[in-house]
file entry-v5.txt (compact mmCIF, N, CA and C atoms)
# COMPACT_ATOMS: atom_id res chain seq x y z
N GLN A 1 115.07 134.34 -15.88
CA GLN A 1 115.12 132.92 -15.49
C GLN A 1 114.34 132.73 -14.19
N VAL A 2 113.38 131.82 -14.23
CA VAL A 2 112.55 131.57 -13.05
C VAL A 2 113.33 130.70 -12.07
N GLN A 3 113.34 131.13 -10.82
CA GLN A 3 113.97 130.33 -9.77
C GLN A 3 113.03 130.22 -8.58
N LEU A 4 112.93 129.00 -8.06
CA LEU A 4 112.17 128.74 -6.84
C LEU A 4 113.11 128.04 -5.86
N VAL A 5 113.26 128.60 -4.67
CA VAL A 5 114.20 128.05 -3.69
C VAL A 5 113.46 127.80 -2.39
N GLU A 6 113.37 126.50 -2.03
CA GLU A 6 112.69 126.12 -0.80
C GLU A 6 113.66 126.09 0.38
N SER A 7 113.11 126.28 1.57
CA SER A 7 113.88 126.13 2.79
C SER A 7 112.91 125.80 3.92
N GLY A 8 113.48 125.35 5.05
CA GLY A 8 112.66 125.14 6.23
C GLY A 8 112.38 123.69 6.59
N GLY A 9 112.83 122.76 5.76
CA GLY A 9 112.61 121.36 6.09
C GLY A 9 113.49 120.91 7.24
N GLY A 10 113.27 119.68 7.68
CA GLY A 10 114.08 119.13 8.76
C GLY A 10 113.45 117.91 9.37
N LEU A 11 114.02 117.52 10.51
CA LEU A 11 113.53 116.38 11.27
C LEU A 11 112.67 116.89 12.43
N VAL A 12 111.49 116.34 12.55
CA VAL A 12 110.58 116.77 13.61
C VAL A 12 109.86 115.55 14.17
N GLN A 13 109.51 115.61 15.44
CA GLN A 13 108.78 114.50 16.06
C GLN A 13 107.30 114.55 15.68
N PRO A 14 106.63 113.42 15.71
CA PRO A 14 105.17 113.42 15.47
C PRO A 14 104.48 114.42 16.38
N GLY A 15 103.54 115.16 15.81
CA GLY A 15 102.85 116.21 16.55
C GLY A 15 103.52 117.56 16.48
N GLY A 16 104.72 117.60 15.94
CA GLY A 16 105.46 118.85 15.84
C GLY A 16 105.04 119.70 14.65
N SER A 17 105.73 120.82 14.50
CA SER A 17 105.40 121.79 13.44
C SER A 17 106.65 122.22 12.69
N LEU A 18 106.45 122.60 11.45
CA LEU A 18 107.48 123.19 10.62
C LEU A 18 106.84 124.24 9.72
N ARG A 19 107.64 125.20 9.30
CA ARG A 19 107.18 126.15 8.28
C ARG A 19 108.16 126.12 7.13
N LEU A 20 107.64 125.75 5.96
CA LEU A 20 108.44 125.78 4.74
C LEU A 20 108.28 127.14 4.07
N SER A 21 109.34 127.55 3.41
CA SER A 21 109.35 128.81 2.68
C SER A 21 109.86 128.58 1.27
N CYS A 22 109.29 129.30 0.33
CA CYS A 22 109.75 129.24 -1.06
C CYS A 22 109.94 130.66 -1.56
N ALA A 23 111.16 130.97 -1.96
CA ALA A 23 111.47 132.29 -2.50
C ALA A 23 111.49 132.20 -4.02
N ALA A 24 110.71 133.06 -4.65
CA ALA A 24 110.58 133.05 -6.11
C ALA A 24 111.29 134.26 -6.70
N SER A 25 111.87 134.07 -7.88
CA SER A 25 112.47 135.17 -8.62
C SER A 25 112.31 134.91 -10.10
N GLY A 26 112.39 135.98 -10.87
CA GLY A 26 112.29 135.84 -12.32
C GLY A 26 110.88 135.81 -12.87
N ILE A 27 109.88 136.00 -12.00
CA ILE A 27 108.49 136.03 -12.45
C ILE A 27 107.76 137.18 -11.76
N ASN A 28 106.64 137.58 -12.35
CA ASN A 28 105.76 138.54 -11.71
C ASN A 28 104.93 137.76 -10.70
N PHE A 29 105.52 137.54 -9.55
CA PHE A 29 105.02 136.57 -8.57
C PHE A 29 103.54 136.74 -8.27
N LYS A 30 103.09 137.96 -8.13
CA LYS A 30 101.75 138.18 -7.60
C LYS A 30 100.64 137.68 -8.50
N ILE A 31 100.92 137.39 -9.77
CA ILE A 31 99.85 136.97 -10.68
C ILE A 31 99.73 135.45 -10.77
N TYR A 32 100.67 134.73 -10.15
CA TYR A 32 100.70 133.29 -10.32
C TYR A 32 100.11 132.52 -9.15
N THR A 33 99.40 131.43 -9.48
CA THR A 33 99.06 130.44 -8.48
C THR A 33 100.33 129.71 -8.07
N MET A 34 100.51 129.54 -6.78
CA MET A 34 101.68 128.84 -6.25
C MET A 34 101.24 127.55 -5.58
N ASN A 35 102.04 126.53 -5.75
CA ASN A 35 101.70 125.19 -5.26
C ASN A 35 102.81 124.60 -4.41
N TRP A 36 102.42 123.77 -3.47
CA TRP A 36 103.35 122.89 -2.75
C TRP A 36 102.98 121.45 -3.09
N TYR A 37 103.98 120.71 -3.56
CA TYR A 37 103.86 119.29 -3.81
C TYR A 37 104.76 118.54 -2.83
N ARG A 38 104.53 117.25 -2.71
CA ARG A 38 105.45 116.41 -1.96
C ARG A 38 105.57 115.06 -2.64
N GLN A 39 106.72 114.44 -2.38
CA GLN A 39 106.95 113.10 -2.92
C GLN A 39 107.66 112.27 -1.87
N ALA A 40 106.99 111.20 -1.47
CA ALA A 40 107.55 110.25 -0.52
C ALA A 40 108.24 109.13 -1.29
N PRO A 41 109.19 108.44 -0.67
CA PRO A 41 109.90 107.36 -1.37
C PRO A 41 108.92 106.31 -1.90
N GLY A 42 109.07 105.97 -3.17
CA GLY A 42 108.24 104.94 -3.78
C GLY A 42 106.84 105.38 -4.12
N ARG A 43 106.56 106.68 -3.97
CA ARG A 43 105.21 107.17 -4.26
C ARG A 43 105.26 108.28 -5.30
N GLN A 44 104.11 108.52 -5.92
CA GLN A 44 104.02 109.60 -6.90
C GLN A 44 104.00 110.95 -6.20
N ARG A 45 104.47 111.94 -6.90
CA ARG A 45 104.40 113.30 -6.38
C ARG A 45 102.94 113.71 -6.29
N GLU A 46 102.56 114.33 -5.17
CA GLU A 46 101.17 114.74 -5.01
C GLU A 46 101.09 116.22 -4.66
N LEU A 47 100.00 116.84 -5.13
CA LEU A 47 99.74 118.23 -4.82
C LEU A 47 99.19 118.32 -3.40
N VAL A 48 99.86 119.12 -2.57
CA VAL A 48 99.48 119.24 -1.17
C VAL A 48 98.59 120.46 -0.95
N ALA A 49 98.99 121.60 -1.50
CA ALA A 49 98.26 122.84 -1.27
C ALA A 49 98.54 123.82 -2.39
N SER A 50 97.54 124.67 -2.66
CA SER A 50 97.67 125.70 -3.68
C SER A 50 97.12 127.01 -3.14
N ILE A 51 97.66 128.11 -3.67
CA ILE A 51 97.12 129.43 -3.35
C ILE A 51 97.12 130.26 -4.63
N THR A 52 95.95 130.83 -4.95
CA THR A 52 95.83 131.60 -6.18
C THR A 52 96.34 133.03 -5.96
N SER A 53 96.35 133.77 -7.05
CA SER A 53 96.80 135.16 -6.97
C SER A 53 95.90 135.99 -6.07
N SER A 54 94.65 135.60 -5.94
CA SER A 54 93.71 136.33 -5.10
C SER A 54 93.65 135.79 -3.68
N GLY A 55 94.46 134.76 -3.40
CA GLY A 55 94.53 134.23 -2.04
C GLY A 55 93.62 133.06 -1.74
N ASP A 56 92.92 132.56 -2.73
CA ASP A 56 92.11 131.36 -2.51
C ASP A 56 93.02 130.16 -2.35
N THR A 57 92.65 129.29 -1.41
CA THR A 57 93.50 128.15 -1.10
C THR A 57 92.77 126.84 -1.32
N ASN A 58 93.56 125.80 -1.51
CA ASN A 58 93.02 124.46 -1.68
C ASN A 58 94.02 123.48 -1.10
N TYR A 59 93.50 122.39 -0.49
CA TYR A 59 94.37 121.42 0.18
C TYR A 59 93.94 119.99 -0.17
N VAL A 60 94.91 119.11 -0.19
CA VAL A 60 94.57 117.69 -0.26
C VAL A 60 93.93 117.30 1.08
N ASP A 61 92.99 116.36 1.03
CA ASP A 61 92.22 116.02 2.23
C ASP A 61 93.09 115.63 3.41
N SER A 62 94.20 114.96 3.15
CA SER A 62 95.02 114.42 4.24
C SER A 62 95.70 115.50 5.08
N VAL A 63 95.75 116.74 4.58
CA VAL A 63 96.43 117.80 5.34
C VAL A 63 95.47 118.90 5.78
N LYS A 64 94.21 118.81 5.38
CA LYS A 64 93.25 119.84 5.79
C LYS A 64 93.19 119.96 7.30
N ASP A 65 93.11 121.17 7.77
CA ASP A 65 93.06 121.50 9.21
C ASP A 65 94.40 121.32 9.91
N ARG A 66 95.44 120.92 9.18
CA ARG A 66 96.78 120.82 9.77
C ARG A 66 97.79 121.73 9.08
N PHE A 67 97.63 121.89 7.76
CA PHE A 67 98.58 122.69 6.97
C PHE A 67 97.90 124.00 6.54
N THR A 68 98.69 125.06 6.43
CA THR A 68 98.19 126.34 5.95
C THR A 68 99.17 126.91 4.94
N ILE A 69 98.67 127.19 3.75
CA ILE A 69 99.50 127.84 2.73
C ILE A 69 99.21 129.34 2.75
N SER A 70 100.25 130.14 2.56
CA SER A 70 100.08 131.59 2.53
C SER A 70 101.13 132.17 1.59
N ARG A 71 100.96 133.44 1.27
CA ARG A 71 101.90 134.08 0.37
C ARG A 71 102.15 135.52 0.79
N ASP A 72 103.33 136.01 0.44
CA ASP A 72 103.71 137.40 0.66
C ASP A 72 104.17 137.94 -0.68
N ASN A 73 103.29 138.66 -1.35
CA ASN A 73 103.62 139.15 -2.69
C ASN A 73 104.74 140.19 -2.67
N ALA A 74 104.84 140.94 -1.59
CA ALA A 74 105.89 141.96 -1.51
C ALA A 74 107.28 141.33 -1.53
N TRP A 75 107.39 140.15 -0.92
CA TRP A 75 108.67 139.47 -0.84
C TRP A 75 108.77 138.29 -1.81
N ALA A 76 107.71 138.08 -2.60
CA ALA A 76 107.68 136.96 -3.57
C ALA A 76 107.98 135.64 -2.89
N ARG A 77 107.26 135.37 -1.82
CA ARG A 77 107.43 134.14 -1.08
C ARG A 77 106.10 133.45 -0.84
N VAL A 78 106.16 132.14 -0.84
CA VAL A 78 105.01 131.33 -0.46
C VAL A 78 105.45 130.43 0.68
N TYR A 79 104.54 130.22 1.62
CA TYR A 79 104.84 129.47 2.83
C TYR A 79 103.89 128.29 2.98
N LEU A 80 104.37 127.29 3.71
CA LEU A 80 103.51 126.18 4.09
C LEU A 80 103.75 125.91 5.57
N ARG A 81 102.77 126.28 6.36
CA ARG A 81 102.83 126.02 7.80
C ARG A 81 102.24 124.65 8.03
N MET A 82 102.99 123.77 8.67
CA MET A 82 102.57 122.38 8.89
C MET A 82 102.52 122.10 10.38
N ASN A 83 101.33 121.83 10.88
CA ASN A 83 101.12 121.52 12.29
C ASN A 83 100.71 120.07 12.46
N ASN A 84 100.86 119.57 13.68
CA ASN A 84 100.46 118.20 14.00
C ASN A 84 100.99 117.22 12.95
N LEU A 85 102.27 117.29 12.70
CA LEU A 85 102.88 116.46 11.67
C LEU A 85 102.82 114.99 12.04
N LYS A 86 102.63 114.17 11.02
CA LYS A 86 102.52 112.73 11.17
C LYS A 86 103.64 112.05 10.39
N PRO A 87 104.00 110.83 10.76
CA PRO A 87 105.04 110.12 10.00
C PRO A 87 104.73 110.03 8.50
N GLU A 88 103.46 109.95 8.16
CA GLU A 88 103.10 109.85 6.75
C GLU A 88 103.28 111.16 5.99
N ASP A 89 103.60 112.23 6.69
CA ASP A 89 103.94 113.50 6.03
C ASP A 89 105.39 113.54 5.56
N THR A 90 106.16 112.53 5.94
CA THR A 90 107.56 112.47 5.53
C THR A 90 107.67 112.42 4.01
N ALA A 91 108.42 113.35 3.46
CA ALA A 91 108.55 113.46 2.00
C ALA A 91 109.51 114.60 1.67
N VAL A 92 109.86 114.68 0.41
CA VAL A 92 110.50 115.88 -0.11
C VAL A 92 109.39 116.81 -0.59
N TYR A 93 109.43 118.04 -0.13
CA TYR A 93 108.42 119.03 -0.46
C TYR A 93 108.98 120.00 -1.51
N TYR A 94 108.16 120.22 -2.55
CA TYR A 94 108.58 121.05 -3.67
C TYR A 94 107.64 122.23 -3.85
N CYS A 95 108.21 123.36 -4.15
CA CYS A 95 107.47 124.55 -4.56
C CYS A 95 107.31 124.50 -6.08
N ASN A 96 106.17 124.94 -6.57
CA ASN A 96 105.88 124.85 -8.01
C ASN A 96 104.99 125.98 -8.46
N THR A 97 105.18 126.40 -9.70
CA THR A 97 104.23 127.28 -10.35
C THR A 97 104.24 127.00 -11.84
N ASP A 98 103.13 127.24 -12.47
CA ASP A 98 103.00 127.04 -13.92
C ASP A 98 103.02 128.39 -14.60
N THR A 99 104.04 128.62 -15.39
CA THR A 99 104.20 129.89 -16.09
C THR A 99 103.94 129.67 -17.58
N ARG A 100 103.95 130.76 -18.33
CA ARG A 100 103.76 130.61 -19.78
C ARG A 100 104.95 129.94 -20.42
N TRP A 101 106.05 129.84 -19.68
CA TRP A 101 107.23 129.15 -20.22
C TRP A 101 107.27 127.69 -19.80
N GLY A 102 106.29 127.28 -19.04
CA GLY A 102 106.25 125.91 -18.56
C GLY A 102 106.20 125.83 -17.05
N SER A 103 106.11 124.61 -16.55
CA SER A 103 106.05 124.39 -15.12
C SER A 103 107.45 124.54 -14.53
N ARG A 104 107.52 125.20 -13.39
CA ARG A 104 108.80 125.43 -12.75
C ARG A 104 108.79 124.85 -11.35
N TRP A 105 109.94 124.25 -10.96
CA TRP A 105 110.05 123.55 -9.70
C TRP A 105 111.28 124.02 -8.93
N GLY A 106 111.17 123.98 -7.63
CA GLY A 106 112.33 124.17 -6.80
C GLY A 106 113.09 122.86 -6.65
N GLN A 107 114.17 122.91 -5.88
CA GLN A 107 115.02 121.73 -5.70
C GLN A 107 114.47 120.79 -4.64
N GLY A 108 113.53 121.26 -3.86
CA GLY A 108 112.91 120.44 -2.82
C GLY A 108 113.59 120.60 -1.47
N THR A 109 112.80 120.35 -0.44
CA THR A 109 113.33 120.35 0.93
C THR A 109 112.76 119.13 1.66
N GLN A 110 113.63 118.42 2.36
CA GLN A 110 113.25 117.16 3.01
C GLN A 110 112.55 117.45 4.34
N VAL A 111 111.41 116.81 4.52
CA VAL A 111 110.71 116.83 5.81
C VAL A 111 110.63 115.39 6.30
N THR A 112 111.14 115.15 7.49
CA THR A 112 111.12 113.82 8.09
C THR A 112 110.43 113.91 9.44
N VAL A 113 109.38 113.12 9.59
CA VAL A 113 108.62 113.09 10.84
C VAL A 113 108.85 111.73 11.49
N SER A 114 109.57 111.76 12.59
CA SER A 114 109.96 110.50 13.24
C SER A 114 110.30 110.76 14.70
N SER A 115 110.02 109.77 15.53
CA SER A 115 110.40 109.87 16.93
C SER A 115 111.75 109.21 17.17
call {"tool": "encode", "arguments": {"input": "entry-v5.txt", "output": "structure tokens"}}
result
Amino acid sequence: QVQLVESGGGLVQPGGSLRLSCAASGINFKIYTMNWYRQAPGRQRELVASITSSGDTNYVDSVKDRFTISRDNAWARVYLRMNNLKPEDTAVYYCNTDTRWGSRWGQGTQVTVSS
């Protein structure tokens, strides 16, 4: 059974930083592309960042140069380091991967950027 468990969200002031973590189990983690999505109230879920099995990364334009996705295959974890956070980054952040059994999602972690 595939499980993705996010942690690390919280309340932060504009300009602050957070690091999200996603712990994966039930899959051969190292072969999968891992994704971070987010969904703000009243908006569609959007892909924020991806990292392939070989470590190639991709980001949505709005977070480039502020967010960094990384992975630790030994611990089956994917991270999202978020710097210079803005109020528009406020959302529930989800860890995701697409397996042969279908797309799998974590429960999400809330990030709120507010003064």
call {"tool": "residues_around", "arguments": {"input": "entry-v5.txt", "residues": "region 81-84 of chain A", "least_positions_apart": "6", "cutoff": "6 Å", "atoms": "all atoms listed in the file", "output": "VMD selection string"}}
result
chain A and resid 14 to 20 66 to 70
call {"tool": "residues_around", "arguments": {"input": "entry-v5.txt", "residues": "region 92-98 of chain A", "least_positions_apart": "4", "cutoff": "7 Å", "atoms": "only C-alpha atoms", "output": "list in words"}}
result
Leu4, Glu6, Cys22, Tyr32, Thr33, Met34, Asn35, Trp36, Tyr37, Arg38, Gln39, Ala40, Gly102, Ser103, Arg104, Trp105, Gly106, Gln107, Gly108, Thr109, Gln110 and Val111 of chain A
call {"tool": "closest_residue", "arguments": {"input": "entry-v5.txt", "among": "A:Lys30, A:Asn58, A:Gln3, A:Thr90", "to": "Ala74 (chain A)", "atoms": "all atoms listed in the file"}}
result
A:Lys30
call {"tool": "closest_residue", "arguments": {"input": "entry-v5.txt", "among": "A:Gly10, A:Gly26, A:Gly55, A:Gly42", "to": "Thr99 (chain A)", "atoms": "only C-alpha atoms"}}
result
A:Gly26
call {"tool": "atom_distance", "arguments": {"input": "entry-v5.txt", "atom1": "atom N of Trp101 (chain A)", "atom2": "atom N of Ile31 (chain A)"}}
result
13.5 Å
call {"tool": "select_by_dssp", "arguments": {"input": "entry-v5.txt", "residues": "chain A", "states": "strand (DSSP E)", "output": "short mmCIF file (atom, residue, chain, number, x, y, z; two decimals) with N, CA and C atoms, keeping the file's coordinate frame"}}
result
data_model
loop_
_atom_site.label_atom_id
_atom_site.label_comp_id
_atom_site.auth_asym_id
_atom_site.auth_seq_id
_atom_site.Cartn_x
_atom_site.Cartn_y
_atom_site.Cartn_z
N GLN A 3 113.34 131.13 -10.82
CA GLN A 3 113.97 130.33 -9.77
C GLN A 3 113.03 130.22 -8.58
N LEU A 4 112.93 129.00 -8.06
CA LEU A 4 112.17 128.74 -6.84
C LEU A 4 113.11 128.04 -5.86
N VAL A 5 113.26 128.60 -4.67
CA VAL A 5 114.20 128.05 -3.69
C VAL A 5 113.46 127.80 -2.39
N GLU A 6 113.37 126.50 -2.03
CA GLU A 6 112.69 126.12 -0.80
C GLU A 6 113.66 126.09 0.38
N SER A 7 113.11 126.28 1.57
CA SER A 7 113.88 126.13 2.79
C SER A 7 112.91 125.80 3.92
N GLY A 10 113.27 119.68 7.68
CA GLY A 10 114.08 119.13 8.76
C GLY A 10 113.45 117.91 9.37
N LEU A 11 114.02 117.52 10.51
CA LEU A 11 113.53 116.38 11.27
C LEU A 11 112.67 116.89 12.43
N VAL A 12 111.49 116.34 12.55
CA VAL A 12 110.58 116.77 13.61
C VAL A 12 109.86 115.55 14.17
N LEU A 18 106.45 122.60 11.45
CA LEU A 18 107.48 123.19 10.62
C LEU A 18 106.84 124.24 9.72
N ARG A 19 107.64 125.20 9.30
CA ARG A 19 107.18 126.15 8.28
C ARG A 19 108.16 126.12 7.13
N LEU A 20 107.64 125.75 5.96
CA LEU A 20 108.44 125.78 4.74
C LEU A 20 108.28 127.14 4.07
N SER A 21 109.34 127.55 3.41
CA SER A 21 109.35 128.81 2.68
C SER A 21 109.86 128.58 1.27
N CYS A 22 109.29 129.30 0.33
CA CYS A 22 109.75 129.24 -1.06
C CYS A 22 109.94 130.66 -1.56
N ALA A 23 111.16 130.97 -1.96
CA ALA A 23 111.47 132.29 -2.50
C ALA A 23 111.49 132.20 -4.02
N ALA A 24 110.71 133.06 -4.65
CA ALA A 24 110.58 133.05 -6.11
C ALA A 24 111.29 134.26 -6.70
N SER A 25 111.87 134.07 -7.88
CA SER A 25 112.47 135.17 -8.62
C SER A 25 112.31 134.91 -10.10
N MET A 34 100.51 129.54 -6.78
CA MET A 34 101.68 128.84 -6.25
C MET A 34 101.24 127.55 -5.58
N ASN A 35 102.04 126.53 -5.75
CA ASN A 35 101.70 125.19 -5.26
C ASN A 35 102.81 124.60 -4.41
N TRP A 36 102.42 123.77 -3.47
CA TRP A 36 103.35 122.89 -2.75
C TRP A 36 102.98 121.45 -3.09
N TYR A 37 103.98 120.71 -3.56
CA TYR A 37 103.86 119.29 -3.81
C TYR A 37 104.76 118.54 -2.83
N ARG A 38 104.53 117.25 -2.71
CA ARG A 38 105.45 116.41 -1.96
C ARG A 38 105.57 115.06 -2.64
N GLN A 39 106.72 114.44 -2.38
CA GLN A 39 106.95 113.10 -2.92
C GLN A 39 107.66 112.27 -1.87
N GLU A 46 102.56 114.33 -5.17
CA GLU A 46 101.17 114.74 -5.01
C GLU A 46 101.09 116.22 -4.66
N LEU A 47 100.00 116.84 -5.13
CA LEU A 47 99.74 118.23 -4.82
C LEU A 47 99.19 118.32 -3.40
N VAL A 48 99.86 119.12 -2.57
CA VAL A 48 99.48 119.24 -1.17
C VAL A 48 98.59 120.46 -0.95
N ALA A 49 98.99 121.60 -1.50
CA ALA A 49 98.26 122.84 -1.27
C ALA A 49 98.54 123.82 -2.39
N SER A 50 97.54 124.67 -2.66
CA SER A 50 97.67 125.70 -3.68
C SER A 50 97.12 127.01 -3.14
N ILE A 51 97.66 128.11 -3.67
CA ILE A 51 97.12 129.43 -3.35
C ILE A 51 97.12 130.26 -4.63
N THR A 57 92.65 129.29 -1.41
CA THR A 57 93.50 128.15 -1.10
C THR A 57 92.77 126.84 -1.32
N ASN A 58 93.56 125.80 -1.51
CA ASN A 58 93.02 124.46 -1.68
C ASN A 58 94.02 123.48 -1.10
N TYR A 59 93.50 122.39 -0.49
CA TYR A 59 94.37 121.42 0.18
C TYR A 59 93.94 119.99 -0.17
N PHE A 67 97.63 121.89 7.76
CA PHE A 67 98.58 122.69 6.97
C PHE A 67 97.90 124.00 6.54
N THR A 68 98.69 125.06 6.43
CA THR A 68 98.19 126.34 5.95
C THR A 68 99.17 126.91 4.94
N ILE A 69 98.67 127.19 3.75
CA ILE A 69 99.50 127.84 2.73
C ILE A 69 99.21 129.34 2.75
N SER A 70 100.25 130.14 2.56
CA SER A 70 100.08 131.59 2.53
C SER A 70 101.13 132.17 1.59
N ARG A 71 100.96 133.44 1.27
CA ARG A 71 101.90 134.08 0.37
C ARG A 71 102.15 135.52 0.79
N ASP A 72 103.33 136.01 0.44
CA ASP A 72 103.71 137.40 0.66
C ASP A 72 104.17 137.94 -0.68
N ARG A 77 107.26 135.37 -1.82
CA ARG A 77 107.43 134.14 -1.08
C ARG A 77 106.10 133.45 -0.84
N VAL A 78 106.16 132.14 -0.84
CA VAL A 78 105.01 131.33 -0.46
C VAL A 78 105.45 130.43 0.68
N TYR A 79 104.54 130.22 1.62
CA TYR A 79 104.84 129.47 2.83
C TYR A 79 103.89 128.29 2.98
N LEU A 80 104.37 127.29 3.71
CA LEU A 80 103.51 126.18 4.09
C LEU A 80 103.75 125.91 5.57
N ARG A 81 102.77 126.28 6.36
CA ARG A 81 102.83 126.02 7.80
C ARG A 81 102.24 124.65 8.03
N MET A 82 102.99 123.77 8.67
CA MET A 82 102.57 122.38 8.89
C MET A 82 102.52 122.10 10.38
N ALA A 91 108.42 113.35 3.46
CA ALA A 91 108.55 113.46 2.00
C ALA A 91 109.51 114.60 1.67
N VAL A 92 109.86 114.68 0.41
CA VAL A 92 110.50 115.88 -0.11
C VAL A 92 109.39 116.81 -0.59
N TYR A 93 109.43 118.04 -0.13
CA TYR A 93 108.42 119.03 -0.46
C TYR A 93 108.98 120.00 -1.51
N TYR A 94 108.16 120.22 -2.55
CA TYR A 94 108.58 121.05 -3.67
C TYR A 94 107.64 122.23 -3.85
N CYS A 95 108.21 123.36 -4.15
CA CYS A 95 107.47 124.55 -4.56
C CYS A 95 107.31 124.50 -6.08
N ASN A 96 106.17 124.94 -6.57
CA ASN A 96 105.88 124.85 -8.01
C ASN A 96 104.99 125.98 -8.46
N THR A 97 105.18 126.40 -9.70
CA THR A 97 104.23 127.28 -10.35
C THR A 97 104.24 127.00 -11.84
N ASP A 98 103.13 127.24 -12.47
CA ASP A 98 103.00 127.04 -13.92
C ASP A 98 103.02 128.39 -14.60
N THR A 99 104.04 128.62 -15.39
CA THR A 99 104.20 129.89 -16.09
C THR A 99 103.94 129.67 -17.58
N GLY A 102 106.29 127.28 -19.04
CA GLY A 102 106.25 125.91 -18.56
C GLY A 102 106.20 125.83 -17.05
N SER A 103 106.11 124.61 -16.55
CA SER A 103 106.05 124.39 -15.12
C SER A 103 107.45 124.54 -14.53
N ARG A 104 107.52 125.20 -13.39
CA ARG A 104 108.80 125.43 -12.75
C ARG A 104 108.79 124.85 -11.35
N TRP A 105 109.94 124.25 -10.96
CA TRP A 105 110.05 123.55 -9.70
C TRP A 105 111.28 124.02 -8.93
N THR A 109 112.80 120.35 -0.44
CA THR A 109 113.33 120.35 0.93
C THR A 109 112.76 119.13 1.66
N GLN A 110 113.63 118.42 2.36
CA GLN A 110 113.25 117.16 3.01
C GLN A 110 112.55 117.45 4.34
N VAL A 111 111.41 116.81 4.52
CA VAL A 111 110.71 116.83 5.81
C VAL A 111 110.63 115.39 6.30
N THR A 112 111.14 115.15 7.49
CA THR A 112 111.12 113.82 8.09
C THR A 112 110.43 113.91 9.44
N VAL A 113 109.38 113.12 9.59
CA VAL A 113 108.62 113.09 10.84
C VAL A 113 108.85 111.73 11.49
#
call {"tool": "select_by_dssp", "arguments": {"input": "entry-v5.txt", "residues": "chain A", "states": "helix (DSSP H, G or I)", "output": "list in words"}}
result
Phe29, Lys30, Ile31, Asp61, Ser62, Val63, Pro87, Glu88 and Asp89 of chain A
call {"tool": "atom_distance", "arguments": {"input": "entry-v5.txt", "atom1": "atom C of Val113 (chain A)", "atom2": "CA of Glu88 (chain A)"}}
result
7.7 Å
call {"tool": "atom_distance", "arguments": {"input": "entry-v5.txt", "atom1": "CA of Ser115 (chain A)", "atom2": "CA of Asp61 (chain A)"}}
result
24.2 Å
call {"tool": "closest_residue", "arguments": {"input": "entry-v5.txt", "among": "A:Pro41, A:Thr52, A:Ser114, A:Ala24", "to": "Val5 (chain A)", "atoms": "all atoms listed in the file"}}
result
A:Ala24
call {"tool": "closest_residue", "arguments": {"input": "entry-v5.txt", "among": "A:Ser21, A:Arg71, A:Val63, A:Val2", "to": "Ile51 (chain A)", "atoms": "only N, CA and C atoms"}}
result
A:Arg71
